[in-house]
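Q: The structure file protein02.cif (mmCIF, C-alpha atoms) is provided below.
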data_my_file
#
loop_
_atom_site.label_atom_id
_atom_site.label_comp_id
_atom_site.auth_asym_id
_atom_site.auth_seq_id
_atom_site.Cartn_x
_atom_site.Cartn_y
_atom_site.Cartn_z
CA MET A 1 -11.52 79.99 118.17
CA GLN A 2 -12.61 80.26 114.57
CA THR A 3 -10.78 78.05 112.05
CA GLU A 4 -9.51 79.37 108.72
CA SER A 5 -12.10 77.31 106.80
CA GLN A 6 -14.90 78.68 109.00
CA ALA A 7 -13.72 82.21 108.40
CA LYS A 8 -13.72 81.64 104.65
CA ASN A 9 -17.24 80.23 104.82
CA GLU A 10 -18.42 83.42 106.51
CA LEU A 11 -17.05 85.69 103.80
CA SER A 12 -19.65 87.81 102.11
CA PRO A 13 -20.39 87.11 98.38
CA THR A 14 -18.52 90.32 97.56
CA ASP A 15 -15.46 89.23 99.53
CA THR A 16 -15.54 85.78 97.89
CA ALA A 17 -15.79 87.25 94.40
CA THR A 18 -12.92 89.63 95.18
CA ASP A 19 -10.81 86.75 96.49
CA LYS A 20 -11.48 84.66 93.36
CA LYS A 21 -10.73 87.61 91.11
CA SER A 22 -7.45 88.23 92.94
CA HIS A 23 -6.50 84.54 92.67
CA SER A 24 -7.36 84.49 88.98
CA LYS A 25 -5.27 87.59 88.39
CA HIS A 26 -2.26 86.03 90.13
CA SER A 27 -2.66 82.74 88.21
CA ILE A 28 -2.44 84.47 84.81
CA LYS A 29 1.15 84.62 83.61
CA SER A 30 2.43 87.43 81.40
CA SER A 31 4.33 86.75 78.20
CA ARG A 32 7.50 88.20 79.80
CA PHE A 33 7.15 85.82 82.75
CA ARG A 34 6.57 82.86 80.39
CA VAL A 35 9.62 83.68 78.25
CA GLN A 36 11.78 84.05 81.33
CA SER A 37 10.52 80.75 82.75
CA ILE A 38 11.23 78.86 79.50
CA ALA A 39 14.66 80.49 79.24
CA ARG A 40 15.55 79.38 82.77
CA GLN A 41 14.33 75.84 82.13
CA ASN A 42 16.58 75.64 79.09
CA ASP A 43 19.60 77.42 80.63
CA VAL A 44 19.55 80.44 78.31
CA SER A 45 18.36 83.14 80.74
CA ALA A 46 21.73 84.85 81.41
CA GLN A 47 20.96 88.07 79.53
CA ILE A 48 17.47 88.21 81.05
CA ASP A 49 18.46 87.64 84.68
CA GLU A 50 21.81 89.52 84.47
CA ASP A 51 22.91 88.19 87.86
CA HIS A 52 25.11 85.33 86.64
CA ASP A 53 28.79 84.91 87.40
CA LYS A 54 29.63 82.35 84.68
CA THR A 55 31.38 82.99 81.40
CA LEU A 56 29.68 82.32 78.08
CA GLN A 57 31.73 79.13 77.68
CA GLU A 58 30.76 77.92 81.15
CA ARG A 59 27.11 78.63 80.50
CA SER A 60 27.25 76.74 77.19
CA GLU A 61 28.91 73.72 78.82
CA SER A 62 26.36 73.75 81.63
CA ARG A 63 23.48 73.84 79.16
CA GLN A 64 24.90 70.93 77.15
CA GLN A 65 25.35 68.89 80.33
CA ASN A 66 21.74 69.51 81.35
CA ILE A 67 20.49 68.57 77.86
CA GLN A 68 22.44 65.31 78.03
CA LYS A 69 20.99 64.58 81.48
CA ARG A 70 17.43 65.16 80.24
CA GLN A 71 18.08 63.03 77.14
CA GLN A 72 19.37 60.24 79.38
CA GLN A 73 16.26 60.53 81.56
CA ASN A 74 14.03 60.39 78.47
CA LEU A 75 15.63 57.18 77.20
CA GLU A 76 15.58 55.55 80.63
CA ARG A 77 11.90 56.39 81.02
CA ILE A 78 10.99 55.00 77.58
CA PHE A 79 12.91 51.77 78.16
CA ARG A 80 11.30 51.35 81.59
CA LEU A 81 7.81 51.84 80.11
CA CYS A 82 8.64 49.28 77.43
CA TYR A 83 10.00 46.84 80.01
CA ASP A 84 6.88 47.17 82.18
CA ASN A 85 4.62 46.37 79.18
CA CYS A 86 6.59 43.34 77.99
CA LEU A 87 5.55 39.88 79.12
CA ASP A 88 7.09 36.53 78.19
CA GLU A 89 6.47 36.87 74.45
CA THR A 90 9.01 35.38 72.10
CA ALA A 91 11.36 38.19 71.12
CA GLY A 92 13.71 38.74 68.20
CA GLU A 93 16.92 40.69 67.78
CA PRO A 94 16.31 44.21 66.43
CA ASP A 95 18.75 45.51 63.86
CA PRO A 96 21.59 47.49 65.56
CA ASP A 97 21.15 50.35 63.08
CA TRP A 98 17.44 50.47 63.95
CA ILE A 99 18.24 50.69 67.67
CA HIS A 100 20.75 53.48 66.96
CA HIS A 101 18.18 55.50 65.00
CA PHE A 102 15.55 54.82 67.65
CA MET A 103 17.73 56.12 70.49
CA THR A 104 18.84 59.15 68.48
CA ILE A 105 15.20 60.16 68.04
CA ALA A 106 13.73 58.94 71.33
CA GLN A 107 16.24 60.84 73.49
CA ASN A 108 14.50 64.05 72.47
CA ILE A 109 10.96 62.90 73.37
CA TYR A 110 10.03 64.84 76.52
CA SER A 111 6.23 64.54 76.72
CA PRO A 112 5.14 61.67 79.02
CA SER A 113 2.27 60.69 76.70
CA MET A 114 4.56 60.60 73.67
CA GLN A 115 7.12 58.61 75.65
CA LYS A 116 4.44 55.95 76.15
CA LEU A 117 3.90 55.76 72.39
CA TRP A 118 7.64 55.48 71.74
CA SER A 119 7.84 52.66 74.28
CA ARG A 120 5.21 50.84 72.19
CA ILE A 121 7.34 51.32 69.07
CA LEU A 122 10.30 49.74 70.86
CA ARG A 123 8.21 46.85 72.19
CA GLN A 124 6.74 46.13 68.76
CA GLU A 125 10.17 46.06 67.12
CA ILE A 126 11.58 43.77 69.81
CA ILE A 127 8.70 41.32 69.45
CA THR A 128 8.63 41.52 65.64
CA PRO A 129 11.92 42.88 64.24
CA GLY A 130 11.44 44.76 60.98
CA SER A 131 7.81 45.70 61.65
CA ILE A 132 8.52 49.41 62.25
CA SER A 133 10.35 51.12 59.40
CA LEU A 134 12.76 54.02 59.73
CA LYS A 135 10.36 56.04 57.59
CA ALA A 136 7.59 55.44 60.12
CA MET A 137 9.87 56.47 62.99
CA ILE A 138 10.78 59.73 61.23
CA ALA A 139 7.10 60.45 60.57
CA PHE A 140 6.31 59.72 64.20
CA GLN A 141 9.14 62.02 65.30
CA GLN A 142 7.51 64.91 63.41
CA MET A 143 4.19 64.41 65.19
CA THR A 144 3.28 66.68 68.07
CA GLN A 145 1.10 65.52 70.93
CA ARG A 146 -1.85 67.21 69.19
CA ASP A 147 -1.04 65.39 65.92
CA ALA A 148 -1.01 62.10 67.80
CA GLN A 149 -4.43 62.89 69.30
CA LEU A 150 -5.87 63.67 65.85
CA PHE A 151 -4.47 60.45 64.43
CA ARG A 152 -5.84 58.47 67.34
CA ARG A 153 -9.31 59.84 66.56
CA ALA A 154 -8.92 58.68 62.96
CA CYS A 155 -7.84 55.23 64.15
CA LEU A 156 -10.97 54.96 66.31
CA LEU A 157 -13.06 55.27 63.14
CA ALA A 158 -10.94 53.03 60.91
CA CYS A 159 -12.20 49.84 59.30
CA HIS A 160 -11.01 47.53 56.53
CA PHE A 161 -12.84 45.33 54.06
CA GLY A 162 -12.31 42.77 51.33
CA GLN A 163 -8.94 41.03 51.19
CA ASP A 164 -7.06 44.28 51.86
CA ASN A 165 -6.07 44.75 55.51
CA THR A 166 -5.12 48.42 55.08
CA LYS A 167 -7.08 50.63 57.45
CA LYS A 168 -9.61 52.94 55.82
CA LEU A 169 -11.94 55.75 56.83
CA LEU A 170 -15.36 55.02 55.37
CA THR A 171 -17.03 58.27 54.31
CA GLY A 172 -20.21 56.95 52.70
CA LEU A 173 -21.99 54.58 50.33
CA LYS A 174 -22.89 55.26 46.70
CA TYR A 175 -25.93 53.51 45.24
CA ARG A 176 -28.33 53.75 42.31
CA SER A 177 -31.73 55.35 42.78
CA GLY A 178 -34.36 57.25 40.84
CA PHE A 179 -36.11 56.27 37.62
CA LEU A 180 -34.66 53.03 36.23
CA LEU A 181 -31.94 53.28 38.94
CA LYS A 182 -29.80 55.51 36.70
CA GLN A 183 -29.25 58.30 39.21
CA ALA A 184 -26.37 57.94 41.70
CA SER A 185 -27.10 58.84 45.33
CA ILE A 186 -24.74 58.95 48.30
CA ASP A 187 -25.33 58.22 51.97
CA LYS A 188 -22.59 60.10 53.81
CA LEU A 189 -20.99 59.47 57.19
CA ASN A 190 -20.24 62.80 58.87
CA LEU A 191 -16.77 62.24 60.34
CA GLY A 192 -16.80 65.77 61.74
CA HIS A 193 -19.49 64.63 64.17
CA TYR A 194 -16.82 62.36 65.71
CA GLN A 195 -14.19 65.11 66.15
CA LEU A 196 -12.59 64.43 62.77
CA PRO A 197 -13.64 67.30 60.46
CA TYR A 198 -12.13 67.64 56.99
CA SER A 199 -9.65 70.25 58.26
CA HIS A 200 -8.18 67.62 60.60
CA LEU A 201 -8.08 65.10 57.77
CA LEU A 202 -6.05 67.62 55.76
CA GLU A 203 -3.57 67.86 58.64
CA LEU A 204 -3.19 64.08 58.74
CA MET A 205 -2.73 64.05 54.98
CA GLY A 206 -0.02 66.69 55.35
CA LEU A 207 1.77 64.43 57.83
CA GLY A 208 1.64 61.61 55.29
CA LEU A 209 -0.55 59.38 57.48
CA ILE A 210 -3.65 59.35 55.24
CA LEU A 211 -3.68 59.44 51.44
CA SER A 212 -5.20 62.61 50.01
CA THR A 213 -7.63 61.13 47.47
CA GLU A 214 -11.09 59.87 48.37
CA LEU A 215 -11.43 56.46 46.73
CA GLU A 216 -14.40 54.41 45.56
CA SER A 217 -14.57 50.64 45.62
CA GLY A 218 -15.81 48.69 42.65
CA LYS A 219 -19.55 48.14 42.43
CA LEU A 220 -20.50 45.32 44.75
CA GLN A 221 -22.69 42.47 43.53
CA SER A 222 -25.58 41.14 45.58
CA SER A 223 -24.41 37.58 44.93
CA THR A 224 -21.00 38.11 46.59
CA PRO A 225 -20.63 38.83 50.33
CA LEU A 226 -17.77 41.15 51.29
CA PRO A 227 -15.69 40.68 54.47
CA PHE A 228 -15.95 43.81 56.63
CA HIS A 229 -13.97 44.49 59.80
CA TYR A 230 -14.35 47.24 62.41
CA GLN A 231 -12.05 47.33 65.42
CA GLY A 232 -11.89 43.59 66.01
CA ASN A 233 -15.45 42.76 64.87
CA ASP A 234 -15.60 40.61 61.71
CA TYR A 235 -18.66 40.52 59.44
CA GLN A 236 -19.87 39.70 55.96
CA ILE A 237 -21.87 42.39 54.16
CA GLN A 238 -23.96 41.41 51.12
CA PRO A 239 -25.58 44.18 49.02
CA ALA A 240 -29.35 44.13 48.99
CA LYS A 241 -29.08 45.40 45.37
CA ASN A 242 -26.36 45.41 42.75
CA GLY A 243 -24.29 48.53 42.19
CA VAL A 244 -23.52 49.67 45.74
CA SER A 245 -19.96 50.99 46.24
CA LEU A 246 -17.98 52.19 49.27
CA LEU A 247 -16.37 55.64 49.53
CA TYR A 248 -13.29 55.94 51.73
CA TYR A 249 -9.85 57.39 52.49
CA ARG A 250 -6.95 54.95 52.79
CA PHE A 251 -4.24 55.09 55.43
CA SER A 252 -0.75 55.46 53.97
CA PRO A 253 1.80 52.66 54.55
CA VAL A 254 3.40 54.78 57.30
CA GLY A 255 0.00 55.55 58.81
CA GLN A 256 -0.79 51.84 58.76
CA GLU A 257 2.41 51.02 60.68
CA ILE A 258 1.74 53.62 63.35
CA ALA A 259 -1.94 52.66 63.62
CA GLN A 260 -0.98 49.06 64.41
CA LEU A 261 0.72 50.31 67.57
CA LEU A 262 -2.51 51.77 68.90
CA GLY A 263 -4.51 48.53 68.78
CA ASN A 264 -8.28 48.18 68.38
CA HIS A 265 -10.38 50.78 70.18
CA ARG A 266 -13.82 51.69 68.94
CA ASN A 267 -15.97 54.79 69.03
CA GLU A 268 -19.29 53.41 70.26
CA GLU A 269 -21.43 56.23 68.87
CA TYR A 270 -19.73 55.96 65.49
CA GLN A 271 -20.20 52.18 65.46
CA ILE A 272 -23.95 52.63 65.94
CA HIS A 273 -24.23 55.06 63.02
CA LEU A 274 -21.90 52.98 60.85
CA THR A 275 -23.89 49.81 61.36
CA GLU A 276 -27.21 51.61 60.82
CA LEU A 277 -25.87 52.70 57.44
CA LEU A 278 -24.62 49.23 56.54
CA ASN A 279 -27.89 47.58 57.54
CA LYS A 280 -29.70 50.06 55.30
CA HIS A 281 -27.96 48.79 52.16
CA PHE A 282 -26.59 45.36 53.06
CA ILE A 283 -27.55 42.07 54.62
CA VAL A 284 -25.07 41.90 57.50
CA THR A 285 -24.02 38.52 58.87
CA SER A 286 -21.40 37.34 61.31
CA ASP A 287 -18.63 34.97 60.28
CA ALA A 288 -20.73 32.19 61.79
CA SER A 289 -23.09 32.72 58.80
CA THR A 290 -26.08 33.48 60.98
CA TYR A 291 -27.96 36.74 60.81
CA HIS A 292 -26.40 39.10 63.26
CA PRO A 293 -27.06 42.84 62.87
CA ILE A 294 -24.13 44.66 64.42
CA ILE A 295 -26.24 47.27 66.18
#
Mind turning the file's structure into structure tokens?

A:
Amino acid sequence: MQTESQAKNELSPTDTATDKKSHSKHSIKSSRFRVQSIARQNDVSAQIDEDHDKTLQERSESRQQNIQKRQQQNLERIFRLCYDNCLDETAGEPDPDWIHHFMTIAQNIYSPSMQKLWSRILRQEIITPGSISLKAMIAFQQMTQRDAQLFRRACLLACHFGQDNTKKLLTGLKYRSGFLLKQASIDKLNLGHYQLPYSHLLELMGLGLILSTELESGKLQSSTPLPFHYQGNDYQIQPAKNGVSLLYYRFSPVGQEIAQLLGNHRNEEYQIHLTELLNKHFIVTSDASTYHPII
């Protein structure tokens, strides 16, 4: 007797194409179907289905009960994720008002990936009370899952230099060239090549995570090495010539707080291009003071 899989294997190309087309057609949902589905999930489908036997008051009470159940599930999930990621670190006592604000916001976080990020916020505040401000929590609340993905991309490219630990997005180097070195030239880093085009930067600026003005460092002197840090790698960069400056965008204080939760994760391709650019204009050394190109 022929099995079902054998029968499918013996279908003609035309039959297979027809079957796939039929499956594809059934898998596409209409807008009416989608609205009805969302309405049912959120207990507001009575006027669409028209087969209910509950009063308006009963339907309202049922919806509120289901919301409260889902909010309870959200908080329990976030606290469990936090618990699973805590070890035996020394912990402090978070401010009761902070915990209240946290739970008020976190109860309405439904996305599993965003719940993981909120569990990190809770863990950070328990380990170091006062490290996550209410302002940062409100900003984080306004972020969608897509916003969080965009910000994560920015964090993968972030560095910091000098005595300032604020994360920055390096966009290029300005240096003197031409006759008598009077003409300014710029070597740019194309952030769009690493899935962070200027349009995405504008979105992050609108969220208040990155400051809107591109800044320029002071002109660096060849006699003074500058500490430079990229995702856990620490270096000294010393200009081959006087007058080189760094162009960058700075993370806002809120962006800095949220970025700390994500830890150090590098973009390997970006690191190669970044270090090629640095080695072009600087003598790059490790903190051990031995020559150590970072490519």

Q: Please identify all polymer residues within 9 Å of segment 265-279 of chain A, counting all atoms listed in the file, omitting same-chain residues fewer than 6 positions from it, and present them as a PyMOL selection string.

A: chain A and resi 153+155-158+170+172-173+187-189+191+193-194+230-232+237+293-295

Q: I'd like the residues picked by the PyMOL selection byres ((chain A and resi 30-42) around 12) written out as a ChimeraX atom specification, using the chain letters and numbers from the file.

A: /A:25-29,43-50,52,59-60,62-68,70

Q: So which residues touch segment 254-263 of chain A within 8 Å, counting all atoms listed in the file, skipping near sequence neighbours fewer than 6 positions away, as a compact mmCIF listing (two decimals) with C-alpha atoms, in the coordinates of the input?

A:
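Printed below is around_9.txt as written:
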# COMPACT_ATOMS: atom_id res chain seq x y z
CA LEU A 117 3.90 55.76 72.39
CA ARG A 120 5.21 50.84 72.19
CA ILE A 121 7.34 51.32 69.07
CA GLN A 124 6.74 46.13 68.76
CA SER A 131 7.81 45.70 61.65
CA ILE A 132 8.52 49.41 62.25
CA LYS A 135 10.36 56.04 57.59
CA ALA A 136 7.59 55.44 60.12
CA ALA A 139 7.10 60.45 60.57
CA PHE A 140 6.31 59.72 64.20
CA ARG A 152 -5.84 58.47 67.34
CA CYS A 155 -7.84 55.23 64.15
CA THR A 166 -5.12 48.42 55.08
CA LYS A 167 -7.08 50.63 57.45
CA GLY A 208 1.64 61.61 55.29
CA LEU A 209 -0.55 59.38 57.48
CA ILE A 210 -3.65 59.35 55.24

Q: I need the residue set behind the PyMOL selection byres ((chain A and resi 244-250) around 8) for this file; please write it as a VMD selection string.

A: chain A and resid 166 to 176 210 to 221 239 241 to 243 251 to 252 281

Q: Go ahead and write the residues just picked, C-alpha atoms, as a PDB file, keeping the file's coordinate frame.

A:
ATOM      1  CA  THR A 166      -5.120  48.420  55.080  1.00  0.00           C
ATOM      2  CA  LYS A 167      -7.080  50.630  57.450  1.00  0.00           C
ATOM      3  CA  LYS A 168      -9.610  52.940  55.820  1.00  0.00           C
ATOM      4  CA  LEU A 169     -11.940  55.750  56.830  1.00  0.00           C
ATOM      5  CA  LEU A 170     -15.360  55.020  55.370  1.00  0.00           C
ATOM      6  CA  THR A 171     -17.030  58.270  54.310  1.00  0.00           C
ATOM      7  CA  GLY A 172     -20.210  56.950  52.700  1.00  0.00           C
ATOM      8  CA  LEU A 173     -21.990  54.580  50.330  1.00  0.00           C
ATOM      9  CA  LYS A 174     -22.890  55.260  46.700  1.00  0.00           C
ATOM     10  CA  TYR A 175     -25.930  53.510  45.240  1.00  0.00           C
ATOM     11  CA  ARG A 176     -28.330  53.750  42.310  1.00  0.00           C
ATOM     12  CA  ILE A 210      -3.650  59.350  55.240  1.00  0.00           C
ATOM     13  CA  LEU A 211      -3.680  59.440  51.440  1.00  0.00           C
ATOM     14  CA  SER A 212      -5.200  62.610  50.010  1.00  0.00           C
ATOM     15  CA  THR A 213      -7.630  61.130  47.470  1.00  0.00           C
ATOM     16  CA  GLU A 214     -11.090  59.870  48.370  1.00  0.00           C
ATOM     17  CA  LEU A 215     -11.430  56.460  46.730  1.00  0.00           C
ATOM     18  CA  GLU A 216     -14.400  54.410  45.560  1.00  0.00           C
ATOM     19  CA  SER A 217     -14.570  50.640  45.620  1.00  0.00           C
ATOM     20  CA  GLY A 218     -15.810  48.690  42.650  1.00  0.00           C
ATOM     21  CA  LYS A 219     -19.550  48.140  42.430  1.00  0.00           C
ATOM     22  CA  LEU A 220     -20.500  45.320  44.750  1.00  0.00           C
ATOM     23  CA  GLN A 221     -22.690  42.470  43.530  1.00  0.00           C
ATOM     24  CA  PRO A 239     -25.580  44.180  49.020  1.00  0.00           C
ATOM     25  CA  LYS A 241     -29.080  45.400  45.370  1.00  0.00           C
ATOM     26  CA  ASN A 242     -26.360  45.410  42.750  1.00  0.00           C
ATOM     27  CA  GLY A 243     -24.290  48.530  42.190  1.00  0.00           C
ATOM     28  CA  PHE A 251      -4.240  55.090  55.430  1.00  0.00           C
ATOM     29  CA  SER A 252      -0.750  55.460  53.970  1.00  0.00           C
ATOM     30  CA  HIS A 281     -27.960  48.790  52.160  1.00  0.00           C
TER      31      HIS A 281
END

Q: Measure the distance from atom CA of Leu202 of chain A to atom CA of Met143 of chain A in Å and round it to one decimal.

A: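 Calculated distance between atom CA of Leu202 of chain A and atom CA of Met143 of chain A is 14.3 Å.
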
Q: When the PyMOL selection byres ((chain A and resi 86) around 10) is applied to the file above, which residues end up in the set, as a list in words?

A: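 So the PyMOL selection byres ((chain A and resi 86) around 10), applied here, picks out Arg80, Leu81, Cys82, Tyr83, Asp84, Asn85, Leu87, Asp88, Glu89, Ala91, Arg120, Arg123, Gln124, Ile126 and Ile127 of chain A.
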
Q: Write out, as a PDB file, in the coordinates of the input, the residues just selected, with C-alpha atoms.

A:
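Saved result, part05.pdb, follows:
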ATOM      1  CA  ARG A  80      11.300  51.350  81.590  1.00  0.00           C
ATOM      2  CA  LEU A  81       7.810  51.840  80.110  1.00  0.00           C
ATOM      3  CA  CYS A  82       8.640  49.280  77.430  1.00  0.00           C
ATOM      4  CA  TYR A  83      10.000  46.840  80.010  1.00  0.00           C
ATOM      5  CA  ASP A  84       6.880  47.170  82.180  1.00  0.00           C
ATOM      6  CA  ASN A  85       4.620  46.370  79.180  1.00  0.00           C
ATOM      7  CA  LEU A  87       5.550  39.880  79.120  1.00  0.00           C
ATOM      8  CA  ASP A  88       7.090  36.530  78.190  1.00  0.00           C
ATOM      9  CA  GLU A  89       6.470  36.870  74.450  1.00  0.00           C
ATOM     10  CA  ALA A  91      11.360  38.190  71.120  1.00  0.00           C
ATOM     11  CA  ARG A 120       5.210  50.840  72.190  1.00  0.00           C
ATOM     12  CA  ARG A 123       8.210  46.850  72.190  1.00  0.00           C
ATOM     13  CA  GLN A 124       6.740  46.130  68.760  1.00  0.00           C
ATOM     14  CA  ILE A 126      11.580  43.770  69.810  1.00  0.00           C
ATOM     15  CA  ILE A 127       8.700  41.320  69.450  1.00  0.00           C
TER      16      ILE A 127
END

Q: For each of A:His229, A:Ser133, A:Leu201, A:Met114, take the minimum atom-to-atom distance to Pro253 of chain A, counting only C-alpha atoms, then give the residue where this is smallest.

A: A:Ser133

Q: Under the rule that only C-alpha atoms are counted, which of A:Leu204, A:Met103, A:Pro96, A:Glu125 is the nearest residue to Arg146 of chain A?

A: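 Among the listed residues, A:Leu204 lies closest to Arg146 of chain A.
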
Q: So, counting all atoms listed in the file, which residue among A:Asn233, A:Phe282, A:Gln57, A:Ser185 is closest to His160 of chain A?

A: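 So, comparing all the options, the nearest one is A:Asn233.
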
Q: Using only C-alpha atoms, which residue out of A:Gln163, A:Gln238, A:Asn190, A:Gln115 lies closest to Lys280 of chain A?

A: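 So, comparing all the options, the nearest one is A:Gln238.
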
Q: Work out how far atom CA of Ser286 of chain A is from atom CA of Phe151 of chain A, in Å to one decimal.

A: 28.8 Å

Q: Given all atoms listed in the file as the basis, pick out the residue of A:Glu93, A:Val284, A:Glu203, A:Ala148 nearest to Leu122 of chain A.

A: A:Glu93

Q: Separation of atom CA of Thr224 of chain A and atom CA of Ala240 of chain A, in Å?

A: 10.6 Å
